[in-house]
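Structure data follow from start_35.cif (mmCIF, C-alpha atoms (C1' of nucleotides)):
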```cif
data_coords
loop_
_atom_site.group_PDB
_atom_site.id
_atom_site.type_symbol
_atom_site.label_atom_id
_atom_site.label_comp_id
_atom_site.auth_asym_id
_atom_site.auth_seq_id
_atom_site.Cartn_x
_atom_site.Cartn_y
_atom_site.Cartn_z
ATOM 1 C CA MET X 41 50.556 74.760 -111.755
ATOM 2 C CA PRO X 42 49.622 71.969 -114.122
ATOM 3 C CA GLU X 43 45.902 72.070 -114.767
ATOM 4 C CA LEU X 44 44.203 70.457 -117.760
ATOM 5 C CA PRO X 45 45.817 72.670 -120.464
ATOM 6 C CA GLU X 46 49.322 72.054 -119.135
ATOM 7 C CA VAL X 47 48.670 68.314 -118.799
ATOM 8 C CA GLU X 48 47.339 68.228 -122.365
ATOM 9 C CA THR X 49 50.542 69.908 -123.548
ATOM 10 C CA VAL X 50 52.527 67.185 -121.795
ATOM 11 C CA ARG X 51 50.308 64.483 -123.300
ATOM 12 C CA VAL X 52 50.904 65.809 -126.808
ATOM 13 C CA GLY X 53 54.631 65.869 -126.101
ATOM 14 C CA LEU X 54 54.589 62.273 -124.882
ATOM 15 C CA GLN X 55 52.621 61.232 -127.941
ATOM 16 C CA ARG X 56 55.224 62.817 -130.221
ATOM 17 C CA ARG X 57 58.413 61.897 -128.419
ATOM 18 C CA VAL X 58 57.755 58.732 -126.399
ATOM 19 C CA VAL X 59 54.997 56.751 -128.100
ATOM 20 C CA GLY X 60 56.570 54.298 -130.527
ATOM 21 C CA ARG X 61 59.821 54.114 -128.556
ATOM 22 C CA HIS X 62 61.009 51.307 -126.276
ATOM 23 C CA LEU X 63 61.608 52.211 -122.627
ATOM 24 C CA GLY X 64 64.371 50.220 -120.942
ATOM 25 C CA GLY X 65 65.014 49.485 -117.285
ATOM 26 C CA VAL X 66 63.298 52.083 -115.119
ATOM 27 C CA GLN X 67 65.155 53.800 -112.276
ATOM 28 C CA VAL X 68 63.446 55.211 -109.181
ATOM 29 C CA ALA X 69 65.381 57.821 -107.253
ATOM 30 C CA HIS X 70 62.651 58.823 -104.810
ATOM 31 C CA GLU X 71 60.229 56.279 -103.321
ATOM 32 C CA ARG X 72 57.558 58.914 -102.757
ATOM 33 C CA ALA X 73 57.082 59.187 -106.523
ATOM 34 C CA VAL X 74 55.685 55.631 -106.546
ATOM 35 C CA ARG X 75 53.879 55.828 -103.191
ATOM 36 C CA ARG X 76 50.587 54.803 -104.763
ATOM 37 C CA GLN X 77 52.045 51.473 -105.890
ATOM 38 C CA ALA X 78 50.693 48.867 -103.462
ATOM 39 C CA GLY X 79 53.760 46.675 -103.929
ATOM 40 C CA GLY X 80 56.157 49.587 -103.621
ATOM 41 C CA VAL X 81 59.218 50.288 -105.726
ATOM 42 C CA ASP X 82 59.864 46.637 -106.516
ATOM 43 C CA GLU X 83 56.450 46.172 -108.091
ATOM 44 C CA PHE X 84 56.834 49.369 -110.121
ATOM 45 C CA LEU X 85 60.277 48.331 -111.367
ATOM 46 C CA GLY X 86 58.974 44.907 -112.315
ATOM 47 C CA ARG X 87 55.946 46.133 -114.246
ATOM 48 C CA MET X 88 57.356 49.292 -115.857
ATOM 49 C CA SER X 89 60.769 48.169 -117.106
ATOM 50 C CA HIS X 90 61.162 47.347 -120.800
ATOM 51 C CA VAL X 91 57.790 48.605 -122.003
ATOM 52 C CA SER X 92 56.652 50.120 -125.281
ATOM 53 C CA PRO X 93 54.062 52.918 -125.141
ATOM 54 C CA ILE X 94 51.543 52.827 -127.972
ATOM 55 C CA ALA X 95 49.364 55.814 -126.970
ATOM 56 C CA ALA X 96 49.321 58.761 -124.570
ATOM 57 C CA GLN X 97 45.930 59.408 -122.996
ATOM 58 C CA ARG X 98 44.441 61.898 -120.555
ATOM 59 C CA ARG X 99 41.363 62.502 -118.453
ATOM 60 C CA GLY X 100 41.293 65.783 -116.564
ATOM 61 C CA LYS X 101 44.747 66.073 -115.007
ATOM 62 C CA TYR X 102 45.477 62.331 -115.112
ATOM 63 C CA LEU X 103 47.852 61.057 -117.796
ATOM 64 C CA TRP X 104 48.560 57.536 -118.881
ATOM 65 C CA LEU X 105 50.544 55.584 -121.446
ATOM 66 C CA GLU X 106 49.045 52.469 -122.981
ATOM 67 C CA LEU X 107 51.618 49.743 -123.498
ATOM 68 C CA ALA X 108 52.137 47.209 -126.264
ATOM 69 C CA ASP X 109 51.428 43.566 -125.465
ATOM 70 C CA SER X 110 50.383 44.375 -121.909
ATOM 71 C CA ASP X 111 47.297 44.942 -119.803
ATOM 72 C CA ASP X 112 49.339 47.390 -117.717
ATOM 73 C CA VAL X 113 49.195 51.152 -118.148
ATOM 74 C CA LEU X 114 51.657 53.723 -116.858
ATOM 75 C CA VAL X 115 49.582 56.338 -115.021
ATOM 76 C CA ALA X 116 50.927 59.693 -113.848
ATOM 77 C CA HIS X 117 49.664 62.730 -112.013
ATOM 78 C CA LEU X 118 51.844 65.849 -112.086
ATOM 79 C CA GLY X 119 50.552 67.195 -108.783
ATOM 80 C CA MET X 120 51.867 70.697 -108.195
ATOM 81 C CA SER X 121 55.190 70.617 -109.961
ATOM 82 C CA GLY X 122 55.591 67.373 -111.905
ATOM 83 C CA GLN X 123 57.181 67.343 -115.348
ATOM 84 C CA PHE X 124 57.917 64.779 -118.001
ATOM 85 C CA ARG X 125 61.015 65.581 -119.999
ATOM 86 C CA VAL X 126 62.811 63.884 -122.826
ATOM 87 C CA VAL X 127 66.542 64.483 -122.393
ATOM 88 C CA ASP X 128 69.710 63.137 -123.917
ATOM 89 C CA ASN X 129 70.963 60.043 -122.098
ATOM 90 C CA SER X 130 74.256 61.807 -121.429
ATOM 91 C CA ASP X 131 72.379 64.441 -119.399
ATOM 92 C CA LEU X 132 71.618 61.814 -116.762
ATOM 93 C CA VAL X 133 75.185 61.999 -115.439
ATOM 94 C CA GLU X 134 74.444 65.554 -114.301
ATOM 95 C CA PRO X 135 72.984 65.625 -110.776
ATOM 96 C CA ASP X 136 69.347 66.693 -110.630
ATOM 97 C CA PRO X 137 67.752 66.787 -107.163
ATOM 98 C CA HIS X 138 64.254 66.730 -108.658
ATOM 99 C CA ARG X 139 64.720 63.733 -110.935
ATOM 100 C CA ARG X 140 62.396 61.094 -109.455
ATOM 101 C CA VAL X 141 61.955 58.358 -112.065
ATOM 102 C CA TRP X 142 63.540 57.806 -115.477
ATOM 103 C CA TRP X 143 63.779 55.375 -118.346
ATOM 104 C CA PRO X 144 66.469 55.108 -121.009
ATOM 105 C CA MET X 145 64.927 54.979 -124.482
ATOM 106 C CA ASP X 146 66.063 53.106 -127.562
ATOM 107 C CA ASP X 147 66.973 56.282 -129.499
ATOM 108 C CA GLY X 148 69.676 57.489 -127.103
ATOM 109 C CA SER X 149 67.351 59.759 -125.151
ATOM 110 C CA ALA X 150 65.655 59.233 -121.798
ATOM 111 C CA LEU X 151 62.215 59.903 -120.377
ATOM 112 C CA VAL X 152 62.469 61.655 -117.006
ATOM 113 C CA PHE X 153 59.768 62.348 -114.440
ATOM 114 C CA ARG X 154 60.869 65.386 -112.406
ATOM 115 C CA ASP X 155 58.987 66.822 -109.444
ATOM 116 C CA GLN X 156 60.038 69.576 -107.092
ATOM 117 C CA ARG X 157 57.271 69.425 -104.491
ATOM 118 C CA THR X 158 56.710 65.652 -104.716
ATOM 119 C CA PHE X 159 52.917 65.868 -104.957
ATOM 120 C CA GLY X 160 53.083 64.069 -108.278
ATOM 121 C CA TRP X 161 53.300 60.319 -108.749
ATOM 122 C CA VAL X 162 53.588 57.516 -111.276
ATOM 123 C CA LEU X 163 51.874 54.156 -111.027
ATOM 124 C CA ALA X 164 51.810 50.795 -112.781
ATOM 125 C CA ASP X 165 48.068 50.315 -113.091
ATOM 126 C CA GLU X 166 45.498 48.391 -115.076
ATOM 127 C CA ARG X 167 42.506 49.565 -117.059
ATOM 128 C CA ALA X 168 39.006 49.831 -115.609
ATOM 129 C CA GLY X 169 36.983 50.346 -118.778
ATOM 130 C CA ASP X 170 37.936 53.550 -120.580
ATOM 131 C CA VAL X 171 40.445 54.720 -117.986
ATOM 132 C CA PRO X 172 42.960 53.288 -115.494
ATOM 133 C CA THR X 173 41.705 52.250 -112.074
ATOM 134 C CA ALA X 174 43.447 55.236 -110.496
ATOM 135 C CA ALA X 175 41.358 57.636 -112.611
ATOM 136 C CA ALA X 176 38.068 55.759 -112.465
ATOM 137 C CA HIS X 177 36.584 58.173 -109.919
ATOM 138 C CA ILE X 178 37.429 61.258 -112.017
ATOM 139 C CA ALA X 179 34.629 62.859 -114.037
ATOM 140 C CA ARG X 180 34.994 63.394 -117.774
ATOM 141 C CA ASP X 181 36.587 66.706 -118.758
ATOM 142 C CA PRO X 182 34.927 69.145 -121.188
ATOM 143 C CA PHE X 183 37.117 67.967 -124.082
ATOM 144 C CA ASP X 184 36.001 64.352 -123.723
ATOM 145 C CA PRO X 185 33.762 63.420 -126.703
ATOM 146 C CA LEU X 186 31.328 61.823 -124.263
ATOM 147 C CA PHE X 187 31.173 64.873 -121.962
ATOM 148 C CA ASP X 188 27.478 65.590 -121.392
ATOM 149 C CA ALA X 189 27.097 69.225 -120.356
ATOM 150 C CA GLY X 190 23.424 68.805 -119.553
ATOM 151 C CA GLU X 191 23.992 65.890 -117.219
ATOM 152 C CA VAL X 192 26.997 67.608 -115.598
ATOM 153 C CA SER X 193 24.891 70.728 -115.054
ATOM 154 C CA ARG X 194 22.146 68.715 -113.379
ATOM 155 C CA HIS X 195 24.749 66.994 -111.191
ATOM 156 C CA ILE X 196 26.290 70.326 -110.184
ATOM 157 C CA ARG X 197 22.903 71.814 -109.320
ATOM 158 C CA ARG X 198 22.253 69.001 -106.855
ATOM 159 C CA SER X 199 25.204 70.088 -104.686
ATOM 160 C CA ARG X 200 24.822 72.431 -101.724
ATOM 161 C CA SER X 201 28.547 73.300 -101.810
ATOM 162 C CA GLY X 202 29.937 76.562 -103.049
ATOM 163 C CA ILE X 203 30.415 76.644 -106.810
ATOM 164 C CA LYS X 204 34.198 76.962 -106.657
ATOM 165 C CA ARG X 205 34.493 73.912 -104.424
ATOM 166 C CA VAL X 206 32.325 72.025 -106.943
ATOM 167 C CA LEU X 207 34.552 73.102 -109.847
ATOM 168 C CA LEU X 208 37.665 71.889 -108.037
ATOM 169 C CA ALA X 209 36.225 68.564 -106.845
ATOM 170 C CA GLN X 210 37.051 66.679 -110.121
ATOM 171 C CA THR X 211 33.943 64.519 -109.577
ATOM 172 C CA PHE X 212 31.521 66.821 -111.441
ATOM 173 C CA VAL X 213 33.853 68.037 -114.183
ATOM 174 C CA SER X 214 37.591 67.343 -114.257
ATOM 175 C CA GLY X 215 40.634 69.362 -115.228
ATOM 176 C CA VAL X 216 39.760 72.638 -113.493
ATOM 177 C CA GLY X 217 42.234 73.922 -110.905
ATOM 178 C CA ASN X 218 42.418 76.989 -108.727
ATOM 179 C CA ILE X 219 43.637 79.341 -111.455
ATOM 180 C CA TYR X 220 41.042 78.544 -114.114
ATOM 181 C CA ALA X 221 38.269 78.328 -111.509
ATOM 182 C CA ASP X 222 39.013 81.890 -110.379
ATOM 183 C CA GLU X 223 39.147 83.119 -113.975
ATOM 184 C CA ALA X 224 35.876 81.461 -114.982
ATOM 185 C CA LEU X 225 34.026 82.722 -111.894
ATOM 186 C CA TRP X 226 35.261 86.247 -112.569
ATOM 187 C CA ARG X 227 34.076 86.139 -116.173
ATOM 188 C CA CYS X 228 30.674 84.871 -115.050
ATOM 189 C CA GLN X 229 30.519 87.366 -112.171
ATOM 190 C CA LEU X 230 29.939 84.607 -109.644
ATOM 191 C CA HIS X 231 31.110 84.570 -106.035
ATOM 192 C CA PRO X 232 33.202 81.439 -105.265
ATOM 193 C CA GLU X 233 30.889 80.493 -102.401
ATOM 194 C CA HIS X 234 27.675 80.840 -104.367
ATOM 195 C CA PRO X 235 25.777 77.612 -103.528
ATOM 196 C CA ALA X 236 25.716 75.402 -106.615
ATOM 197 C CA ASN X 237 22.122 74.366 -106.015
ATOM 198 C CA ARG X 238 21.060 78.033 -106.074
ATOM 199 C CA LEU X 239 22.291 78.594 -109.628
ATOM 200 C CA SER X 240 19.954 78.397 -112.596
ATOM 201 C CA SER X 241 20.657 75.786 -115.235
ATOM 202 C CA SER X 242 21.520 78.528 -117.724
ATOM 203 C CA ARG X 243 24.087 80.027 -115.340
ATOM 204 C CA VAL X 244 25.736 76.637 -114.811
ATOM 205 C CA ALA X 245 25.728 76.048 -118.559
ATOM 206 C CA GLU X 246 27.348 79.448 -119.088
ATOM 207 C CA LEU X 247 29.994 78.677 -116.458
ATOM 208 C CA LEU X 248 30.843 75.354 -118.110
ATOM 209 C CA GLU X 249 31.158 77.060 -121.492
ATOM 210 C CA VAL X 250 33.379 79.791 -120.083
ATOM 211 C CA VAL X 251 35.741 77.470 -118.235
ATOM 212 C CA THR X 252 35.997 75.334 -121.373
ATOM 213 C CA ASP X 253 36.793 78.392 -123.506
ATOM 214 C CA ILE X 254 39.502 79.506 -121.065
ATOM 215 C CA MET X 255 41.129 76.069 -121.044
ATOM 216 C CA ARG X 256 40.867 75.797 -124.842
ATOM 217 C CA ALA X 257 42.734 79.086 -125.208
ATOM 218 C CA ALA X 258 45.353 77.910 -122.712
ATOM 219 C CA ILE X 259 45.855 74.658 -124.606
ATOM 220 C CA ALA X 260 46.460 76.663 -127.757
ATOM 221 C CA ALA X 261 49.013 78.822 -125.941
ATOM 222 C CA GLY X 262 50.774 75.765 -124.498
ATOM 223 C CA GLY X 263 50.994 74.257 -127.941
ATOM 224 C CA THR X 264 52.694 77.262 -129.450
ATOM 225 C CA SER X 265 55.422 77.319 -126.789
ATOM 226 C CA PHE X 266 56.174 73.625 -127.030
ATOM 227 C CA ASP X 267 59.873 72.838 -127.293
ATOM 228 C CA PRO X 268 60.460 69.750 -129.451
ATOM 229 C CA LEU X 269 63.391 68.683 -127.277
ATOM 230 C CA TYR X 270 61.233 68.380 -124.197
ATOM 231 C CA VAL X 271 57.894 67.257 -122.976
ATOM 232 C CA ALA X 272 57.614 69.700 -120.185
ATOM 233 C CA VAL X 273 55.293 71.782 -118.119
ATOM 234 C CA ASN X 274 56.572 75.329 -118.194
ATOM 235 C CA GLY X 275 55.319 76.927 -114.994
ATOM 236 C CA ASP X 276 56.509 80.312 -116.225
ATOM 237 C CA SER X 277 54.344 80.272 -119.320
ATOM 238 C CA GLY X 278 53.812 83.805 -120.566
ATOM 239 C CA TRP X 279 50.209 82.976 -121.295
ATOM 240 C CA PHE X 280 49.328 83.437 -117.625
ATOM 241 C CA ASP X 281 50.746 86.923 -117.405
ATOM 242 C CA ARG X 282 49.059 88.050 -120.598
ATOM 243 C CA SER X 283 45.619 86.588 -120.135
ATOM 244 C CA LEU X 284 44.680 86.154 -116.485
ATOM 245 C CA SER X 285 42.133 88.648 -115.200
ATOM 246 C CA VAL X 286 42.082 87.958 -111.449
ATOM 247 C CA TYR X 287 44.470 85.160 -110.449
ATOM 248 C CA GLY X 288 47.630 86.653 -108.965
ATOM 249 C CA ARG X 289 46.310 90.188 -109.503
ATOM 250 C CA GLU X 290 45.525 91.136 -105.912
ATOM 251 C CA SER X 291 45.088 94.930 -105.499
ATOM 252 C CA GLU X 292 45.137 95.501 -109.267
ATOM 253 C CA PRO X 293 42.012 97.105 -110.790
ATOM 254 C CA CYS X 294 39.274 94.832 -112.074
ATOM 255 C CA ALA X 295 39.301 94.982 -115.890
ATOM 256 C CA ARG X 296 35.504 95.345 -115.823
ATOM 257 C CA CYS X 297 34.798 97.867 -113.066
ATOM 258 C CA GLY X 298 38.137 99.118 -111.770
ATOM 259 C CA ARG X 299 37.613 97.981 -108.167
ATOM 260 C CA PRO X 300 40.798 96.400 -106.703
ATOM 261 C CA ILE X 301 40.907 92.605 -106.909
ATOM 262 C CA VAL X 302 40.916 90.918 -103.503
ATOM 263 C CA ARG X 303 42.561 87.681 -102.405
ATOM 264 C CA GLU X 304 40.790 85.603 -99.778
ATOM 265 C CA GLN X 305 41.425 82.370 -97.945
ATOM 266 C CA PHE X 306 39.543 79.467 -99.449
ATOM 267 C CA ALA X 307 39.883 75.876 -98.234
ATOM 268 C CA ASN X 308 43.598 76.176 -97.431
ATOM 269 C CA ARG X 309 44.342 78.126 -100.610
ATOM 270 C CA SER X 310 43.527 81.446 -102.232
ATOM 271 C CA SER X 311 40.592 82.839 -104.127
ATOM 272 C CA HIS X 312 40.892 85.967 -106.231
ATOM 273 C CA ARG X 313 37.757 87.931 -107.071
ATOM 274 C CA CYS X 314 36.368 91.369 -107.750
ATOM 275 C CA PRO X 315 34.440 92.556 -104.663
ATOM 276 C CA LYS X 316 31.996 94.492 -106.833
ATOM 277 C CA CYS X 317 31.416 92.183 -109.801
ATOM 278 C CA GLN X 318 31.372 89.012 -107.699
ATOM 279 C CA ARG X 319 29.302 89.816 -104.642
ATOM 280 C CA ARG X 320 28.562 87.250 -101.983
ATOM 281 C CA PRO X 321 25.053 85.894 -102.594
ATOM 282 C CA ARG X 322 22.282 86.603 -100.120
ATOM 283 C CA VAL X 323 20.760 83.275 -99.179
ATOM 284 C CA SER X 324 17.016 83.175 -98.746
ATOM 285 C CA THR X 325 14.387 80.459 -98.644
ATOM 286 C CA ALA X 326 13.219 81.620 -102.045
ATOM 287 C CA GLY X 327 16.584 80.790 -103.534
ATOM 288 C CA ILE X 328 18.911 82.984 -105.553
ATOM 289 C CA HIS X 329 18.982 81.819 -109.158
ATOM 290 C CA ARG X 330 21.008 84.630 -110.681
ATOM 291 C "C1'" DG C 214 25.989 59.600 -99.242
ATOM 292 C "C1'" DT C 215 27.508 64.287 -98.763
ATOM 293 C "C1'" DA C 216 30.199 68.110 -97.012
ATOM 294 C "C1'" DT C 217 34.216 69.872 -94.989
ATOM 295 C "C1'" DG C 218 38.869 70.114 -92.951
ATOM 296 C "C1'" DT C 219 43.574 68.652 -93.004
ATOM 297 C "C1'" DA C 220 48.007 66.293 -94.101
ATOM 298 C "C1'" DC C 221 51.242 65.682 -97.465
ATOM 299 C "C1'" DC C 222 55.703 68.356 -99.371
ATOM 300 C "C1'" DT C 223 59.626 71.669 -100.529
ATOM 301 C "C1'" DG C 224 61.438 75.855 -102.978
ATOM 302 C "C1'" DT C 225 60.572 80.627 -102.717
ATOM 303 C "C1'" DT C 226 59.180 84.789 -100.573
ATOM 304 C "C1'" DT C 227 58.490 87.673 -96.709
ATOM 305 C "C1'" DG C 228 59.302 89.506 -92.201
ATOM 306 C "C1'" DC C 229 62.025 90.191 -88.260
ATOM 307 C "C1'" DT Q 110 73.055 88.502 -93.230
ATOM 308 C "C1'" DG Q 111 70.590 84.777 -91.407
ATOM 309 C "C1'" DC Q 112 66.850 82.499 -89.614
ATOM 310 C "C1'" DA Q 113 61.893 81.306 -89.150
ATOM 311 C "C1'" DA Q 114 57.410 81.492 -90.745
ATOM 312 C "C1'" DA Q 115 54.202 81.895 -94.411
ATOM 313 C "C1'" DC Q 116 52.878 80.617 -98.832
ATOM 314 C "C1'" DA Q 117 51.825 77.986 -103.110
ATOM 315 C "C1'" DG Q 118 47.860 74.091 -104.045
ATOM 316 C "C1'" DG Q 119 45.835 68.838 -106.060
ATOM 317 C "C1'" DT Q 120 44.569 64.875 -103.992
ATOM 318 C "C1'" DA Q 121 43.527 61.351 -100.524
ATOM 319 C "C1'" DC Q 122 41.773 60.540 -96.381
ATOM 320 C "C1'" DA Q 123 39.534 61.450 -91.906
ATOM 321 C "C1'" DT Q 124 35.787 63.305 -89.623
ATOM 322 C "C1'" DA Q 125 31.179 65.207 -88.978
#
```
Just dump the structure as structure tokens.
Amino acid sequence: MPELPEVETVRVGLQRRVVGRHLGGVQVAHERAVRRQAGGVDEFLGRMSHVSPIAAQRRGKYLWLELADSDDVLVAHLGMSGQFRVVDNSDLVEPDPHRRVWWPMDDGSALVFRDQRTFGWVLADERAGDVPTAAAHIARDPFDPLFDAGEVSRHIRRSRSGIKRVLLAQTFVSGVGNIYADEALWRCQLHPEHPANRLSSSRVAELLEVVTDIMRAAIAAGGTSFDPLYVAVNGDSGWFDRSLSVYGRESEPCARCGRPIVREQFANRSSHRCPKCQRRPRVSTAGIHR
DNA sequence: GTATGTACCTGTTTGC
DNA sequence: TGCAAACAGGTACATA
């Protein structure tokens, strides 16, 4: 699933392979891919045909291309299964059921937005300060130069929600998804439902450092597997299998204590944790403050 | 304003 | 073998 490290890999690929090119007339094969466009497909076609990207940017899991001589930006979210790929123009004659939107480019290649589960989208948007309007509500991610860990920690500690829900909300810190949230909580020996406002500032600071370290390592892994012919999210990245400690490891022994990892329902998805290392907190009026 | 639950979606896996 | 149900999960929106 594309979380921040996978999106960053895509951004780097777009910067290398698409920025500096001219994109011709855009084609939309699936209206759902542009569902966030208020004016529908026609508006998207009108604003995103014949554009020239000058930079690829990212905040959290949101991507956008800045365009030459235009106030418009091309914003994208990969959702669960979105991909950007650069393919040869001749490949477009081959049927592809997951090809949603594509542009021919001036070097004989084409930029293709593919998406199997159709949770992803693209949007012709405008800027709202540093970021497009569509990403204005998203918090800075830990790799943003203006990310303020102290302020984020204070914000987190004002929430009564469970710490995993806070990590996934994208309004405290962005870029963290289910996989990296589970990994970071395991490393910090925190239960996913530990109330955020019952954590000490040092524990929150530690959690932010750990989740940043995990994503930094994942970015490095994504970079090494990058194929110059594509700008793609590779959902089968070997990095996951090698490095994940709890996600997808139900019933396997915890690397720290040996107790079998458990998988539990969490807000319509799964949480993986060690039942010994990550015990459910006992709530008392005195607070917990592990 | 904050917290929580649910719909959206489709390929794959699992169970019968 | 074939069908149906469960599952994966990020975000927007509805509801409390």
List the residues matched by the PyMOL selection byres ((chain Q) within 12 of (chain X)) in the displayed structure as a short mmCIF file (atom, residue, chain, number, x, y, z; two decimals) with C-alpha atoms (C1' of nucleotides), in the coordinates of the input, ordered by chain and then by residue number.
```
data_model
loop_
_atom_site.label_atom_id
_atom_site.label_comp_id
_atom_site.auth_asym_id
_atom_site.auth_seq_id
_atom_site.Cartn_x
_atom_site.Cartn_y
_atom_site.Cartn_z
"C1'" DC Q 116 52.88 80.62 -98.83
"C1'" DA Q 117 51.82 77.99 -103.11
"C1'" DG Q 118 47.86 74.09 -104.04
"C1'" DG Q 119 45.84 68.84 -106.06
"C1'" DT Q 120 44.57 64.88 -103.99
"C1'" DA Q 121 43.53 61.35 -100.52
#
```
Selection result of the PyMOL selection byres ((chain C) within 8 of (chain X)) on this file, as a ChimeraX atom specification: /C:216,218,221-224
If you apply the PyMOL selection byres ((chain X and resi 149-154) around 9) to this file, what residues do you get, as a tab-separated table (two decimals) with C-alpha atoms, in the coordinates of the input?
```tsv
chain	number	residue	atom	x	y	z
X	58	VAL	CA	57.76	58.73	-126.40
X	63	LEU	CA	61.61	52.21	-122.63
X	73	ALA	CA	57.08	59.19	-106.52
X	118	LEU	CA	51.84	65.85	-112.09
X	121	SER	CA	55.19	70.62	-109.96
X	122	GLY	CA	55.59	67.37	-111.90
X	123	GLN	CA	57.18	67.34	-115.35
X	124	PHE	CA	57.92	64.78	-118.00
X	125	ARG	CA	61.02	65.58	-120.00
X	126	VAL	CA	62.81	63.88	-122.83
X	127	VAL	CA	66.54	64.48	-122.39
X	128	ASP	CA	69.71	63.14	-123.92
X	129	ASN	CA	70.96	60.04	-122.10
X	130	SER	CA	74.26	61.81	-121.43
X	131	ASP	CA	72.38	64.44	-119.40
X	132	LEU	CA	71.62	61.81	-116.76
X	136	ASP	CA	69.35	66.69	-110.63
X	137	PRO	CA	67.75	66.79	-107.16
X	138	HIS	CA	64.25	66.73	-108.66
X	139	ARG	CA	64.72	63.73	-110.94
X	140	ARG	CA	62.40	61.09	-109.46
X	141	VAL	CA	61.96	58.36	-112.06
X	142	TRP	CA	63.54	57.81	-115.48
X	143	TRP	CA	63.78	55.38	-118.35
X	144	PRO	CA	66.47	55.11	-121.01
X	145	MET	CA	64.93	54.98	-124.48
X	146	ASP	CA	66.06	53.11	-127.56
X	147	ASP	CA	66.97	56.28	-129.50
X	148	GLY	CA	69.68	57.49	-127.10
X	155	ASP	CA	58.99	66.82	-109.44
X	156	GLN	CA	60.04	69.58	-107.09
X	158	THR	CA	56.71	65.65	-104.72
X	160	GLY	CA	53.08	64.07	-108.28
X	161	TRP	CA	53.30	60.32	-108.75
X	162	VAL	CA	53.59	57.52	-111.28
X	271	VAL	CA	57.89	67.26	-122.98
```
Protein/DNA/RNA residues near (48.6, 52.6, -114.4), cut 8 Å, all atoms listed in the file, as a compact mmCIF listing (two decimals) with C-alpha atoms, in the frame of the given file:
```txt
# COMPACT_ATOMS: atom_id res chain seq x y z
CA TRP X 104 48.56 57.54 -118.88
CA LEU X 105 50.54 55.58 -121.45
CA ASP X 112 49.34 47.39 -117.72
CA VAL X 113 49.20 51.15 -118.15
CA LEU X 114 51.66 53.72 -116.86
CA VAL X 115 49.58 56.34 -115.02
CA ALA X 116 50.93 59.69 -113.85
CA VAL X 162 53.59 57.52 -111.28
CA LEU X 163 51.87 54.16 -111.03
CA ALA X 164 51.81 50.80 -112.78
CA ASP X 165 48.07 50.32 -113.09
CA GLU X 166 45.50 48.39 -115.08
CA ARG X 167 42.51 49.56 -117.06
CA PRO X 172 42.96 53.29 -115.49
CA THR X 173 41.70 52.25 -112.07
CA ALA X 174 43.45 55.24 -110.50
```
Atom CA of X:Arg320 to atom CA of X:Gln229: how many Å, to one decimal?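 Computed distance, atom CA of X:Arg320 to atom CA of X:Gln229, equals 10.4 Å.
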Straight-line distance linking atom CA of X:Arg319 with atom CA of X:Glu233, stated in Å to one decimal: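 Those two atoms sit 9.7 Å apart.
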Using 8 Å of padding on each side, determine the axis-aligned box around all atoms of stretch 214-225 of chain C present in the file and give its centre and edge lengths in Å to one decimal, as AutoDock Vina command-line options.
```
--center_x 43.7 --center_y 70.1 --center_z -98.0 --size_x 51.4 --size_y 37.0 --size_z 26.0
```
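Take atom CA of X:Gly190 and atom CA of X:Ala176: the distance between them is 20.9 Å.
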Selected residue, from X:Val206, X:Met255, X:Ile196, X:Ile94, that lies nearest to X:Arg243 when counting only C-alpha atoms: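 Result for the nearest residue to X:Arg243: X:Ile196.
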If we draw a sphere of 12 Å around (28.3, 66.9, -87.5), which residues have at least one atom in it when counting only C-alpha atoms (C1' of nucleotides)? Please report them as a list in words.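 Looking at atoms near the point gives DT215, DA216 and DT217 of chain C; DT124 and DA125 of chain Q.
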List the spatial neighbours of stretch 112-114 of chain Q as a PDB file with C-alpha atoms (C1' of nucleotides), keeping the file's coordinate frame - criterion: any atom at most 10 Å away, all atoms listed in the file, same-chain residues fewer than 2 positions off excluded.
```
ATOM      1  C1'  DT C 227      58.490  87.673 -96.709  1.00  0.00           C
ATOM      2  C1'  DG C 228      59.302  89.506 -92.201  1.00  0.00           C
ATOM      3  C1'  DC C 229      62.025  90.191 -88.260  1.00  0.00           C
TER       4       DC C 229
ATOM      5  C1'  DT Q 110      73.055  88.502 -93.230  1.00  0.00           C
ATOM      6  C1'  DC Q 116      52.878  80.617 -98.832  1.00  0.00           C
TER       7       DC Q 116
END
```
